[in-house]
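Data from run_32.pdb: PDB, C-alpha atoms
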```pdb
MODEL        1
ATOM      1  CA  VAL O   1      99.375 -39.336 -54.231
ATOM      2  CA  ILE O   2      98.110 -38.259 -50.830
ATOM      3  CA  MET O   3     100.566 -37.880 -47.979
ATOM      4  CA  ARG O   4      99.660 -37.502 -44.315
ATOM      5  CA  ASP O   5     102.469 -36.990 -41.823
ATOM      6  CA  VAL O   6     101.636 -36.620 -38.123
ATOM      7  CA  ILE O   7     104.359 -35.309 -35.812
ATOM      8  CA  GLU O   8     103.968 -35.193 -32.034
ATOM      9  CA  ALA O   9     106.321 -33.965 -29.313
ATOM     10  CA  SER O  10     106.274 -33.098 -25.624
ATOM     11  CA  ALA O  11     107.137 -29.454 -26.346
ATOM     12  CA  ALA O  12     106.334 -26.916 -29.051
ATOM     13  CA  HIS O  13     108.546 -26.991 -32.167
ATOM     14  CA  LYS O  14     108.750 -25.416 -35.583
ATOM     15  CA  TYR O  15     107.902 -28.226 -38.013
ATOM     16  CA  GLN O  16     108.676 -28.291 -41.715
ATOM     17  CA  TRP O  17     107.561 -30.555 -44.538
ATOM     18  CA  VAL O  18     110.100 -30.603 -47.376
ATOM     19  CA  CYS O  19     109.713 -31.503 -51.045
ATOM     20  CA  HIS O  20     112.412 -31.152 -53.719
ATOM     21  CA  PHE O  21     111.941 -29.861 -57.262
ATOM     22  CA  LEU O  22     114.421 -29.797 -60.137
ATOM     23  CA  GLU O  23     113.642 -26.397 -61.660
ATOM     24  CA  GLY O  24     112.091 -24.328 -58.873
ATOM     25  CA  ALA O  25     108.932 -23.878 -56.861
ATOM     26  CA  SER O  26     106.554 -21.090 -55.888
ATOM     27  CA  ARG O  27     103.415 -20.720 -53.815
ATOM     28  CA  GLU O  28     100.111 -20.126 -55.570
ATOM     29  CA  GLY O  29      97.313 -19.955 -52.993
ATOM     30  CA  SER O  30      97.179 -23.297 -51.182
ATOM     31  CA  TRP O  31      99.399 -24.917 -53.840
ATOM     32  CA  ILE O  32     103.121 -25.269 -54.380
ATOM     33  CA  HIS O  33     103.853 -25.079 -58.105
ATOM     34  CA  GLY O  34     106.917 -27.256 -58.595
ATOM     35  CA  ARG O  35     108.653 -27.180 -61.952
ATOM     36  CA  ALA O  36     110.606 -30.002 -63.527
ATOM     37  CA  GLN O  37     112.337 -30.581 -66.827
ATOM     38  CA  ALA O  38     110.782 -31.476 -70.179
ATOM     39  CA  GLY O  39     107.619 -29.431 -69.573
ATOM     40  CA  GLN O  40     106.573 -31.317 -66.435
ATOM     41  CA  ALA O  41     105.203 -29.932 -63.171
ATOM     42  CA  LEU O  42     104.254 -31.245 -59.754
ATOM     43  CA  GLY O  43     101.439 -29.523 -57.928
ATOM     44  CA  VAL O  44     101.416 -29.947 -54.158
ATOM     45  CA  ALA O  45      98.101 -28.989 -52.588
ATOM     46  CA  VAL O  46      98.747 -28.246 -48.904
ATOM     47  CA  ILE O  47      95.563 -29.004 -46.952
ATOM     48  CA  SER O  48      96.971 -29.144 -43.417
ATOM     49  CA  PRO O  49      98.169 -27.067 -41.752
ATOM     50  CA  SER O  50      95.605 -24.567 -43.002
ATOM     51  CA  SER O  51      97.997 -21.692 -42.260
ATOM     52  CA  TRP O  52     101.542 -22.101 -43.587
ATOM     53  CA  SER O  53     104.437 -20.290 -45.188
ATOM     54  CA  LEU O  54     106.862 -21.419 -47.869
ATOM     55  CA  GLU O  55     110.635 -21.122 -48.026
ATOM     56  CA  VAL O  56     112.438 -22.193 -51.201
ATOM     57  CA  GLU O  57     116.180 -22.629 -51.268
ATOM     58  CA  GLU O  58     118.598 -23.941 -53.845
ATOM     59  CA  GLN O  59     120.621 -26.936 -52.714
ATOM     60  CA  ARG O  60     123.676 -28.455 -54.343
ATOM     61  CA  PRO O  61     124.058 -31.945 -52.887
ATOM     62  CA  HIS O  62     127.061 -34.070 -53.775
ATOM     63  CA  GLN O  63     126.546 -36.025 -57.029
ATOM     64  CA  ILE O  64     123.218 -34.336 -57.853
ATOM     65  CA  LYS O  65     124.290 -34.084 -61.505
ATOM     66  CA  GLY O  66     123.116 -37.694 -61.909
ATOM     67  CA  ILE O  67     119.564 -36.426 -61.262
ATOM     68  CA  ASN O  68     119.781 -32.837 -62.502
ATOM     69  CA  SER O  69     122.560 -31.896 -64.906
ATOM     70  CA  ASN O  70     122.254 -28.274 -63.703
ATOM     71  CA  GLY O  71     123.861 -29.385 -60.429
ATOM     72  CA  TYR O  72     121.116 -28.258 -58.020
ATOM     73  CA  VAL O  73     117.602 -28.863 -56.730
ATOM     74  CA  HIS O  74     115.142 -26.565 -55.003
ATOM     75  CA  ALA O  75     113.982 -27.487 -51.499
ATOM     76  CA  ALA O  76     110.459 -26.219 -50.851
ATOM     77  CA  LYS O  77     109.879 -26.046 -47.083
ATOM     78  CA  VAL O  78     106.320 -25.782 -45.780
ATOM     79  CA  ASN O  79     106.400 -24.161 -42.332
ATOM     80  CA  GLY O  80     103.570 -24.596 -39.854
ATOM     81  CA  ALA O  81     103.011 -22.730 -36.589
ATOM     82  CA  VAL O  82     105.180 -23.469 -33.560
ATOM     83  CA  GLN O  83     103.216 -26.048 -31.566
ATOM     84  CA  PRO O  84     103.640 -29.505 -29.959
ATOM     85  CA  ASN O  85     101.727 -31.417 -32.674
ATOM     86  CA  MET O  86     101.468 -30.929 -36.405
ATOM     87  CA  THR O  87      99.720 -32.810 -39.184
ATOM     88  CA  PHE O  88     100.819 -32.222 -42.764
ATOM     89  CA  LEU O  89      98.213 -33.384 -45.299
ATOM     90  CA  THR O  90      99.164 -32.885 -48.939
ATOM     91  CA  ALA O  91      98.095 -34.095 -52.363
ATOM     92  CA  LEU O  92     100.846 -34.508 -54.956
ATOM     93  CA  VAL O  93      99.461 -33.978 -58.462
ATOM     94  CA  PRO O  94     101.891 -34.566 -61.363
ATOM     95  CA  MET O  95     100.925 -32.897 -64.641
ATOM     96  CA  PRO O  96     102.304 -31.295 -67.776
ATOM     97  CA  GLU O  97     103.287 -27.669 -67.128
ATOM     98  CA  ALA O  98     100.817 -26.661 -69.852
ATOM     99  CA  SER O  99      97.957 -28.089 -67.731
ATOM    100  CA  TRP O 100      98.761 -26.090 -64.584
ATOM    101  CA  ALA O 101      95.843 -23.690 -65.044
ATOM    102  CA  VAL O 102      93.334 -26.587 -65.229
ATOM    103  CA  ARG O 103      94.637 -28.723 -62.358
ATOM    104  CA  PRO O 104      92.054 -30.519 -60.205
ATOM    105  CA  ALA O 105      90.423 -28.779 -57.257
ATOM    106  CA  VAL O 106      91.768 -30.079 -53.936
ATOM    107  CA  ALA O 107      90.298 -29.008 -50.587
ATOM    108  CA  ALA O 108      89.742 -30.166 -47.036
ATOM    109  CA  ILE O 109      86.504 -32.118 -46.649
ATOM    110  CA  ASP O 110      85.848 -30.099 -43.476
ATOM    111  CA  ALA O 111      87.637 -26.748 -43.061
ATOM    112  CA  ALA O 112      87.228 -26.993 -39.264
ATOM    113  CA  GLN O 113      89.386 -30.152 -39.226
ATOM    114  CA  PRO O 114      91.663 -29.890 -42.292
ATOM    115  CA  ASP O 115      93.862 -32.801 -41.190
ATOM    116  CA  ALA O 116      90.877 -35.215 -41.259
ATOM    117  CA  GLY O 117      90.599 -35.616 -45.015
ATOM    118  CA  LEU O 118      90.628 -34.112 -48.464
ATOM    119  CA  ALA O 119      88.668 -34.264 -51.692
ATOM    120  CA  VAL O 120      90.163 -34.126 -55.197
ATOM    121  CA  ARG O 121      87.650 -32.984 -57.836
ATOM    122  CA  GLU O 122      88.059 -33.445 -61.576
ATOM    123  CA  GLY O 123      84.830 -32.806 -63.438
ATOM    124  CA  GLN O 124      82.166 -35.234 -62.170
ATOM    125  CA  ARG O 125      84.755 -37.414 -60.398
ATOM    126  CA  VAL O 126      85.527 -36.820 -56.707
ATOM    127  CA  ALA O 127      88.113 -38.837 -54.800
ATOM    128  CA  SER O 128      87.920 -38.384 -51.014
ATOM    129  CA  ALA O 129      90.417 -39.646 -48.420
ATOM    130  CA  ILE O 130      89.618 -39.699 -44.695
ATOM    131  CA  PHE O 131      91.994 -40.297 -41.748
ATOM    132  CA  SER O 132      91.377 -41.009 -38.066
ATOM    133  CA  GLY O 133      94.913 -41.516 -36.785
ATOM    134  CA  ALA O 134      94.364 -44.956 -35.183
ATOM    135  CA  SER O 135      92.985 -48.312 -36.323
ATOM    136  CA  ASN O 136      90.440 -48.205 -33.490
ATOM    137  CA  GLY O 137      89.660 -44.520 -34.087
ATOM    138  CA  GLN O 138      86.425 -42.996 -35.285
ATOM    139  CA  ARG O 139      86.032 -39.732 -37.148
ATOM    140  CA  ASP O 140      83.097 -37.906 -38.679
ATOM    141  CA  VAL O 141      84.170 -35.693 -41.578
ATOM    142  CA  GLY O 142      81.618 -34.003 -43.807
ATOM    143  CA  PRO O 143      79.290 -36.756 -45.071
ATOM    144  CA  PHE O 144      81.674 -39.541 -43.966
ATOM    145  CA  ARG O 145      82.009 -41.608 -40.813
ATOM    146  CA  LEU O 146      85.226 -43.598 -40.570
ATOM    147  CA  LYS O 147      85.835 -46.367 -38.056
ATOM    148  CA  GLY O 148      89.448 -47.317 -38.670
ATOM    149  CA  LEU O 149      92.774 -45.853 -39.674
ATOM    150  CA  ALA O 150      91.943 -44.516 -43.149
ATOM    151  CA  GLY O 151      89.509 -44.830 -46.015
ATOM    152  CA  ALA O 152      88.905 -43.487 -49.498
ATOM    153  CA  VAL O 153      85.882 -43.212 -51.782
ATOM    154  CA  ILE O 154      85.709 -42.366 -55.478
ATOM    155  CA  GLU O 155      82.399 -40.989 -56.725
ATOM    156  CA  GLU O 156      81.297 -40.439 -60.323
ATOM    157  CA  SER O 157      78.408 -37.959 -60.644
ATOM    158  CA  GLY O 158      77.695 -38.372 -56.907
ATOM    159  CA  VAL O 159      77.555 -42.198 -57.018
ATOM    160  CA  PRO O 160      80.242 -44.203 -55.162
ATOM    161  CA  VAL O 161      82.096 -46.438 -57.641
ATOM    162  CA  ARG O 162      85.119 -47.538 -55.616
ATOM    163  CA  ALA O 163      86.126 -47.561 -51.958
ATOM    164  CA  VAL O 164      88.922 -48.802 -49.738
ATOM    165  CA  LEU O 165      89.079 -49.161 -45.955
ATOM    166  CA  ILE O 166      92.453 -49.457 -44.247
ATOM    167  CA  ASP O 167      92.682 -51.197 -40.879
ATOM    168  CA  GLY O 168      89.078 -50.517 -39.988
ATOM    169  CA  THR O 169      85.496 -51.736 -39.920
ATOM    170  CA  GLU O 170      83.317 -49.004 -41.432
ATOM    171  CA  LEU O 171      83.332 -46.207 -43.976
TER     172      LEU O 171
ENDMDL
END
```
What does this structure look like when you write it as C-alpha coordinates?
Amino acid sequence: VIMRDVIEASAAHKYQWVCHFLEGASREGSWIHGRAQAGQALGVAVISPSSWSLEVEEQRPHQIKGINSNGYVHAAKVNGAVQPNMTFLTALVPMPEASWAVRPAVAAIDAAQPDAGLAVREGQRVASAIFSGASNGQRDVGPFRLKGLAGAVIEESGVPVRAVLIDGTEL
(Lines of atoms letter the chains of each structure in order from A and count residues from 1; the text may use other names and numbers.)
(Lines give C-alpha, C1' and ligand atoms only; values in the text may rest on other atoms or scores of the structure.)
Protein backbone atom coordinates (compact mmCIF):
# COMPACT_ATOMS: atom_id res chain seq x y z
CA VAL A 1 0.00 0.00 0.00
CA ILE A 2 1.38 3.39 -0.98
CA MET A 3 0.08 6.49 0.76
CA ARG A 4 0.66 10.06 -0.37
CA ASP A 5 -0.70 12.86 1.79
CA VAL A 6 -0.17 16.48 0.71
CA ILE A 7 -0.83 19.21 3.28
CA GLU A 8 -0.76 22.90 2.40
CA ALA A 9 -1.30 25.99 4.55
CA SER A 10 -0.82 29.75 4.40
CA ALA A 11 1.71 29.66 7.25
CA ALA A 12 4.42 27.30 8.47
CA HIS A 13 3.30 24.44 10.73
CA LYS A 14 4.70 21.33 12.34
CA TYR A 15 3.06 18.44 10.48
CA GLN A 16 2.81 14.86 11.68
CA TRP A 17 1.80 11.64 9.97
CA VAL A 18 0.49 9.08 12.47
CA CYS A 19 0.23 5.30 12.26
CA HIS A 20 -0.86 2.98 15.09
CA PHE A 21 0.70 -0.36 16.01
CA LEU A 22 -0.48 -2.94 18.53
CA GLU A 23 2.85 -4.01 20.05
CA GLY A 24 5.24 -1.10 19.49
CA ALA A 25 7.28 0.64 16.85
CA SER A 26 10.86 1.79 16.31
CA ARG A 27 12.83 3.58 13.63
CA GLU A 28 15.33 1.62 11.57
CA GLY A 29 16.90 3.92 8.97
CA SER A 30 14.13 5.19 6.69
CA TRP A 31 11.72 2.54 8.02
CA ILE A 32 9.32 2.32 10.94
CA HIS A 33 9.31 -1.25 12.25
CA GLY A 34 5.81 -1.77 13.60
CA ARG A 35 5.10 -4.89 15.61
CA ALA A 36 1.78 -6.67 15.87
CA GLN A 37 0.53 -9.84 17.50
CA ALA A 38 0.92 -13.42 16.28
CA GLY A 39 4.37 -12.83 14.76
CA GLN A 40 3.22 -10.12 12.34
CA ALA A 41 4.92 -6.83 11.47
CA LEU A 42 4.16 -3.76 9.40
CA GLY A 43 7.06 -1.97 7.77
CA VAL A 44 6.48 1.67 6.90
CA ALA A 45 9.06 3.04 4.48
CA VAL A 46 9.04 6.84 4.82
CA ILE A 47 10.12 8.34 1.49
CA SER A 48 8.96 11.93 1.97
CA PRO A 49 9.85 14.00 3.84
CA SER A 50 13.45 12.89 3.36
CA SER A 51 14.37 14.28 6.79
CA TRP A 52 12.09 13.26 9.65
CA SER A 53 12.00 12.23 13.28
CA LEU A 54 9.87 9.66 15.06
CA GLU A 55 7.95 9.91 18.32
CA VAL A 56 6.26 6.80 19.71
CA GLU A 57 3.75 7.03 22.51
CA GLU A 58 1.47 4.53 24.17
CA GLN A 59 -2.21 5.39 23.95
CA ARG A 60 -5.10 3.85 25.85
CA PRO A 61 -8.26 4.80 23.97
CA HIS A 62 -11.66 3.90 25.36
CA GLN A 63 -12.74 0.35 24.39
CA ILE A 64 -9.39 -0.53 22.76
CA LYS A 65 -9.56 -3.98 24.37
CA GLY A 66 -11.80 -5.03 21.47
CA ILE A 67 -8.76 -4.54 19.18
CA ASN A 68 -5.88 -5.21 21.57
CA SER A 69 -6.55 -7.17 24.75
CA ASN A 70 -3.50 -5.47 26.33
CA GLY A 71 -5.55 -2.26 26.48
CA TYR A 72 -3.22 0.02 24.48
CA VAL A 73 -1.78 0.86 21.08
CA HIS A 74 1.40 2.66 20.08
CA ALA A 75 1.07 5.86 18.05
CA ALA A 76 4.09 6.35 15.79
CA LYS A 77 4.31 10.03 14.79
CA VAL A 78 6.48 11.01 11.84
CA ASN A 79 7.53 14.65 12.24
CA GLY A 80 8.63 16.75 9.29
CA ALA A 81 10.26 20.19 9.35
CA VAL A 82 8.20 23.27 10.20
CA GLN A 83 7.09 24.66 6.83
CA PRO A 84 3.92 25.77 4.98
CA ASN A 85 3.65 22.62 2.80
CA MET A 86 4.45 19.00 3.48
CA THR A 87 4.11 15.82 1.46
CA PHE A 88 4.19 12.49 3.27
CA LEU A 89 4.92 9.57 0.92
CA THR A 90 5.02 6.15 2.57
CA ALA A 91 4.88 2.50 1.59
CA LEU A 92 3.14 0.15 4.02
CA VAL A 93 4.60 -3.36 3.76
CA PRO A 94 2.92 -6.06 5.88
CA MET A 95 5.06 -9.13 6.57
CA PRO A 96 5.79 -11.85 9.10
CA GLU A 97 8.13 -10.57 11.82
CA ALA A 98 10.56 -13.34 10.83
CA SER A 99 10.90 -11.74 7.36
CA TRP A 100 11.85 -8.27 8.61
CA ALA A 101 15.52 -8.64 7.66
CA VAL A 102 14.61 -9.50 4.03
CA ARG A 103 11.93 -6.87 3.42
CA PRO A 104 11.80 -5.27 -0.03
CA ALA A 105 13.96 -2.26 -0.87
CA VAL A 106 11.90 0.94 -1.05
CA ALA A 107 13.39 4.26 -2.19
CA ALA A 108 12.53 7.52 -3.88
CA ILE A 109 12.78 7.30 -7.66
CA ASP A 110 14.58 10.66 -7.59
CA ALA A 111 16.26 11.74 -4.33
CA ALA A 112 16.04 15.41 -5.42
CA GLN A 113 12.22 15.18 -5.44
CA PRO A 114 11.33 12.42 -2.94
CA ASP A 115 7.62 13.28 -2.96
CA ALA A 116 7.37 12.56 -6.73
CA GLY A 117 7.46 8.78 -6.56
CA LEU A 118 8.90 5.61 -5.13
CA ALA A 119 10.12 2.23 -6.28
CA VAL A 120 9.61 -1.06 -4.41
CA ARG A 121 12.17 -3.73 -5.38
CA GLU A 122 11.81 -7.44 -4.69
CA GLY A 123 14.31 -9.48 -6.65
CA GLN A 124 13.78 -8.85 -10.38
CA ARG A 125 10.39 -7.19 -9.79
CA VAL A 126 10.18 -3.39 -9.44
CA ALA A 127 6.92 -1.57 -8.78
CA SER A 128 7.15 2.21 -9.30
CA ALA A 129 4.51 4.81 -8.41
CA ILE A 130 4.67 8.39 -9.70
CA PHE A 131 2.62 11.43 -8.58
CA SER A 132 2.14 14.89 -10.09
CA GLY A 133 -0.39 16.41 -7.71
CA ALA A 134 -2.99 17.42 -10.34
CA SER A 135 -4.85 15.67 -13.15
CA ASN A 136 -3.49 18.23 -15.63
CA GLY A 137 0.00 18.12 -14.10
CA GLN A 138 3.18 16.85 -15.68
CA ARG A 139 6.20 15.47 -13.87
CA ASP A 140 9.48 13.95 -14.98
CA VAL A 141 10.86 11.53 -12.39
CA GLY A 142 13.86 9.35 -13.15
CA PRO A 143 13.04 7.47 -16.38
CA PHE A 144 9.32 8.37 -16.18
CA ARG A 145 7.23 11.20 -17.58
CA LEU A 146 3.74 11.45 -16.12
CA LYS A 147 0.96 13.57 -17.59
CA GLY A 148 -1.85 13.17 -15.09
CA LEU A 149 -2.50 12.72 -11.40
CA ALA A 150 -0.70 9.42 -10.76
CA GLY A 151 0.64 6.32 -12.44
CA ALA A 152 2.32 3.03 -11.61
CA VAL A 153 4.44 0.53 -13.53
CA ILE A 154 5.47 -2.99 -12.59
CA GLU A 155 8.59 -4.33 -14.31
CA GLU A 156 9.91 -7.90 -14.30
CA SER A 157 13.62 -8.12 -15.21
CA GLY A 158 13.44 -4.57 -16.63
CA VAL A 159 10.41 -5.27 -18.87
CA PRO A 160 7.10 -3.48 -18.11
CA VAL A 161 4.38 -6.08 -17.45
CA ARG A 162 1.61 -3.96 -15.94
CA ALA A 163 0.76 -0.27 -15.74
CA VAL A 164 -2.01 2.00 -14.53
CA LEU A 165 -2.65 5.69 -15.22
CA ILE A 166 -4.94 7.65 -12.93
CA ASP A 167 -6.72 10.73 -14.27
CA GLY A 168 -4.16 11.36 -16.96
CA THR A 169 -3.09 10.90 -20.56
CA GLU A 170 0.49 9.61 -20.56
CA LEU A 171 2.93 7.52 -18.56
Ala38 (chain O) environment, 12 Å, all atoms listed in the file, sequence neighbours closer than 6 positions dropped, as a list in words: Leu22, Glu23, Asn68, Met95, Pro96, Glu97 and Ala98 of chain O
Of the listed residues O:Gly39, O:Asp115, O:Val73, O:Phe144, that which approaches Met86 (chain O) most closely, counting all atoms listed in the file: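 Of all the options, O:Asp115 lies closest to Met86 (chain O).
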Residue nearest Gln40 (chain O) - candidates O:Gly148, O:Pro61, O:Pro94, O:Gly24, atoms counted: only C-alpha atoms: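 Checking each candidate against Gln40 (chain O), we get O:Pro94 as the closest.
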Result set, the PyMOL selection byres ((chain O and resi 103) around 12) on current file, as a ChimeraX atom specification: /O:31,33,41-45,91-102,104-106,120-123
Residue among O:Lys65, O:His13, O:Ala116, O:Phe21 lying closest to Gln37 (chain O), counting all atoms listed in the file: O:Phe21
Output check: residues returned by the PyMOL selection byres ((chain O and resi 3) around 6), as an MDAnalysis selection string: chainID O and resid 2 4 89:90
Could the residues in this selection be saved with C-alpha atoms as a PDB file, in the frame of the given file?
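Okay, result.pdb is ready:
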```pdb
ATOM      1  CA  ILE O   2      98.110 -38.259 -50.830  1.00  0.00           C
ATOM      2  CA  ARG O   4      99.660 -37.502 -44.315  1.00  0.00           C
ATOM      3  CA  LEU O  89      98.213 -33.384 -45.299  1.00  0.00           C
ATOM      4  CA  THR O  90      99.164 -32.885 -48.939  1.00  0.00           C
TER       5      THR O  90
END
```
Straight-line distance linking CA of Lys77 (chain O) with CA of Ile32 (chain O), stated in Å to one decimal: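 Separating CA of Lys77 (chain O) from CA of Ile32 (chain O) is a distance of 10.0 Å.
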The PyMOL selection byres ((chain O and resi 138) around 12) applied to the shown file, residues as a PyMOL selection string: chain O and resi 116+130-137+139-141+144-151+167-171
For Ala76 (chain O), the nearest of the candidates O:Ala107, O:Val6, O:Ala152, O:Leu54, counting all atoms listed in the file: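 Going through O:Ala107, O:Val6, O:Ala152, O:Leu54 one by one, the smallest distance to Ala76 (chain O) is for O:Leu54.
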12 Å contact set for Glu55 (chain O), all atoms listed in the file, chain neighbours under 6 positions out, as a ChimeraX atom specification: /O:16-20,24-27,32,74-80
Nearest to Ala12 (chain O), chosen from O:Leu165, O:Arg60, O:Arg35, O:Pro84, with all atoms listed in the file counted in the distances: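 Selected residue with least distance to Ala12 (chain O): O:Pro84.
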CA of Pro160 (chain O) to CA of Ala129 (chain O), distance in Å rounded to a single decimal: 13.0 Å
Test item: residues at most 10 Å from Arg162 (chain O), only C-alpha atoms, excluding those fewer than 2 positions along its chain, as a count of residues only: 9
Complete region 83-109 of chain O with N, CA, C and O atoms (output as an mmCIF file, in the coordinates of the input).
```cif
data_model
loop_
_atom_site.group_PDB
_atom_site.id
_atom_site.type_symbol
_atom_site.label_atom_id
_atom_site.label_comp_id
_atom_site.auth_asym_id
_atom_site.auth_seq_id
_atom_site.Cartn_x
_atom_site.Cartn_y
_atom_site.Cartn_z
ATOM 1 N N GLN O 83 104.161 -25.361 -32.449
ATOM 2 C CA GLN O 83 103.216 -26.048 -31.566
ATOM 3 C C GLN O 83 103.726 -27.461 -31.299
ATOM 4 O O GLN O 83 104.629 -27.924 -31.981
ATOM 5 N N PRO O 84 103.151 -28.160 -30.290
ATOM 6 C CA PRO O 84 103.640 -29.505 -29.959
ATOM 7 C C PRO O 84 103.302 -30.557 -31.013
ATOM 8 O O PRO O 84 104.053 -31.503 -31.199
ATOM 9 N N ASN O 85 102.173 -30.414 -31.706
ATOM 10 C CA ASN O 85 101.727 -31.417 -32.674
ATOM 11 C C ASN O 85 101.432 -30.752 -34.009
ATOM 12 O O ASN O 85 100.935 -29.627 -34.056
ATOM 13 N N MET O 86 101.704 -31.482 -35.078
ATOM 14 C CA MET O 86 101.468 -30.929 -36.405
ATOM 15 C C MET O 86 101.084 -32.074 -37.334
ATOM 16 O O MET O 86 101.704 -33.142 -37.289
ATOM 17 N N THR O 87 100.075 -31.856 -38.140
ATOM 18 C CA THR O 87 99.720 -32.810 -39.184
ATOM 19 C C THR O 87 99.868 -32.108 -40.519
ATOM 20 O O THR O 87 99.272 -31.054 -40.742
ATOM 21 N N PHE O 88 100.677 -32.699 -41.391
ATOM 22 C CA PHE O 88 100.819 -32.222 -42.764
ATOM 23 C C PHE O 88 100.006 -33.158 -43.646
ATOM 24 O O PHE O 88 100.240 -34.369 -43.667
ATOM 25 N N LEU O 89 99.016 -32.620 -44.355
ATOM 26 C CA LEU O 89 98.213 -33.384 -45.299
ATOM 27 C C LEU O 89 98.350 -32.708 -46.652
ATOM 28 O O LEU O 89 97.995 -31.532 -46.802
ATOM 29 N N THR O 90 98.898 -33.447 -47.617
ATOM 30 C CA THR O 90 99.164 -32.885 -48.939
ATOM 31 C C THR O 90 98.687 -33.846 -50.021
ATOM 32 O O THR O 90 98.615 -35.052 -49.804
ATOM 33 N N ALA O 91 98.383 -33.300 -51.170
ATOM 34 C CA ALA O 91 98.095 -34.095 -52.363
ATOM 35 C C ALA O 91 99.131 -33.724 -53.404
ATOM 36 O O ALA O 91 99.311 -32.542 -53.718
ATOM 37 N N LEU O 92 99.848 -34.715 -53.922
ATOM 38 C CA LEU O 92 100.846 -34.508 -54.956
ATOM 39 C C LEU O 92 100.210 -34.835 -56.299
ATOM 40 O O LEU O 92 99.731 -35.957 -56.508
ATOM 41 N N VAL O 93 100.171 -33.843 -57.196
ATOM 42 C CA VAL O 93 99.461 -33.978 -58.462
ATOM 43 C C VAL O 93 100.440 -33.710 -59.609
ATOM 44 O O VAL O 93 100.702 -32.551 -59.954
ATOM 45 N N PRO O 94 100.999 -34.767 -60.217
ATOM 46 C CA PRO O 94 101.891 -34.566 -61.363
ATOM 47 C C PRO O 94 101.078 -34.204 -62.602
ATOM 48 O O PRO O 94 99.957 -34.700 -62.778
ATOM 49 N N MET O 95 101.643 -33.334 -63.442
ATOM 50 C CA MET O 95 100.925 -32.897 -64.641
ATOM 51 C C MET O 95 101.903 -32.233 -65.606
ATOM 52 O O MET O 95 102.981 -31.804 -65.193
ATOM 53 N N PRO O 96 101.512 -32.115 -66.862
ATOM 54 C CA PRO O 96 102.304 -31.295 -67.776
ATOM 55 C C PRO O 96 102.211 -29.829 -67.338
ATOM 56 O O PRO O 96 101.163 -29.380 -66.870
ATOM 57 N N GLU O 97 103.282 -29.097 -67.477
ATOM 58 C CA GLU O 97 103.287 -27.669 -67.128
ATOM 59 C C GLU O 97 102.159 -26.932 -67.846
ATOM 60 O O GLU O 97 101.518 -26.044 -67.279
ATOM 61 N N ALA O 98 101.868 -27.316 -69.070
ATOM 62 C CA ALA O 98 100.817 -26.661 -69.852
ATOM 63 C C ALA O 98 99.428 -26.851 -69.244
ATOM 64 O O ALA O 98 98.504 -26.100 -69.554
ATOM 65 N N SER O 99 99.258 -27.829 -68.361
ATOM 66 C CA SER O 99 97.957 -28.089 -67.731
ATOM 67 C C SER O 99 97.811 -27.444 -66.360
ATOM 68 O O SER O 99 96.801 -27.645 -65.688
ATOM 69 N N TRP O 100 98.793 -26.659 -65.931
ATOM 70 C CA TRP O 100 98.761 -26.090 -64.584
ATOM 71 C C TRP O 100 97.479 -25.312 -64.309
ATOM 72 O O TRP O 100 96.878 -25.425 -63.248
ATOM 73 N N ALA O 101 97.023 -24.528 -65.254
ATOM 74 C CA ALA O 101 95.843 -23.690 -65.044
ATOM 75 C C ALA O 101 94.553 -24.500 -64.891
ATOM 76 O O ALA O 101 93.568 -23.990 -64.359
ATOM 77 N N VAL O 102 94.545 -25.758 -65.310
ATOM 78 C CA VAL O 102 93.334 -26.587 -65.229
ATOM 79 C C VAL O 102 93.544 -27.796 -64.318
ATOM 80 O O VAL O 102 92.924 -28.832 -64.497
ATOM 81 N N ARG O 103 94.398 -27.631 -63.307
ATOM 82 C CA ARG O 103 94.637 -28.723 -62.358
ATOM 83 C C ARG O 103 93.354 -29.013 -61.572
ATOM 84 O O ARG O 103 92.469 -28.162 -61.485
ATOM 85 N N PRO O 104 93.266 -30.196 -60.971
ATOM 86 C CA PRO O 104 92.054 -30.519 -60.205
ATOM 87 C C PRO O 104 91.903 -29.624 -58.981
ATOM 88 O O PRO O 104 92.883 -29.067 -58.479
ATOM 89 N N ALA O 105 90.686 -29.512 -58.496
ATOM 90 C CA ALA O 105 90.423 -28.779 -57.257
ATOM 91 C C ALA O 105 90.692 -29.727 -56.095
ATOM 92 O O ALA O 105 90.224 -30.860 -56.090
ATOM 93 N N VAL O 106 91.461 -29.275 -55.113
ATOM 94 C CA VAL O 106 91.768 -30.079 -53.936
ATOM 95 C C VAL O 106 91.461 -29.228 -52.710
ATOM 96 O O VAL O 106 91.919 -28.090 -52.614
ATOM 97 N N ALA O 107 90.681 -29.774 -51.778
ATOM 98 C CA ALA O 107 90.298 -29.008 -50.587
ATOM 99 C C ALA O 107 90.043 -29.954 -49.429
ATOM 100 O O ALA O 107 89.775 -31.149 -49.622
ATOM 101 N N ALA O 108 90.105 -29.402 -48.226
ATOM 102 C CA ALA O 108 89.742 -30.166 -47.036
ATOM 103 C C ALA O 108 88.262 -30.531 -47.132
ATOM 104 O O ALA O 108 87.448 -29.732 -47.596
ATOM 105 N N ILE O 109 87.910 -31.725 -46.682
ATOM 106 C CA ILE O 109 86.504 -32.118 -46.649
ATOM 107 C C ILE O 109 85.764 -31.246 -45.640
ATOM 108 O O ILE O 109 84.634 -30.836 -45.872
#
```
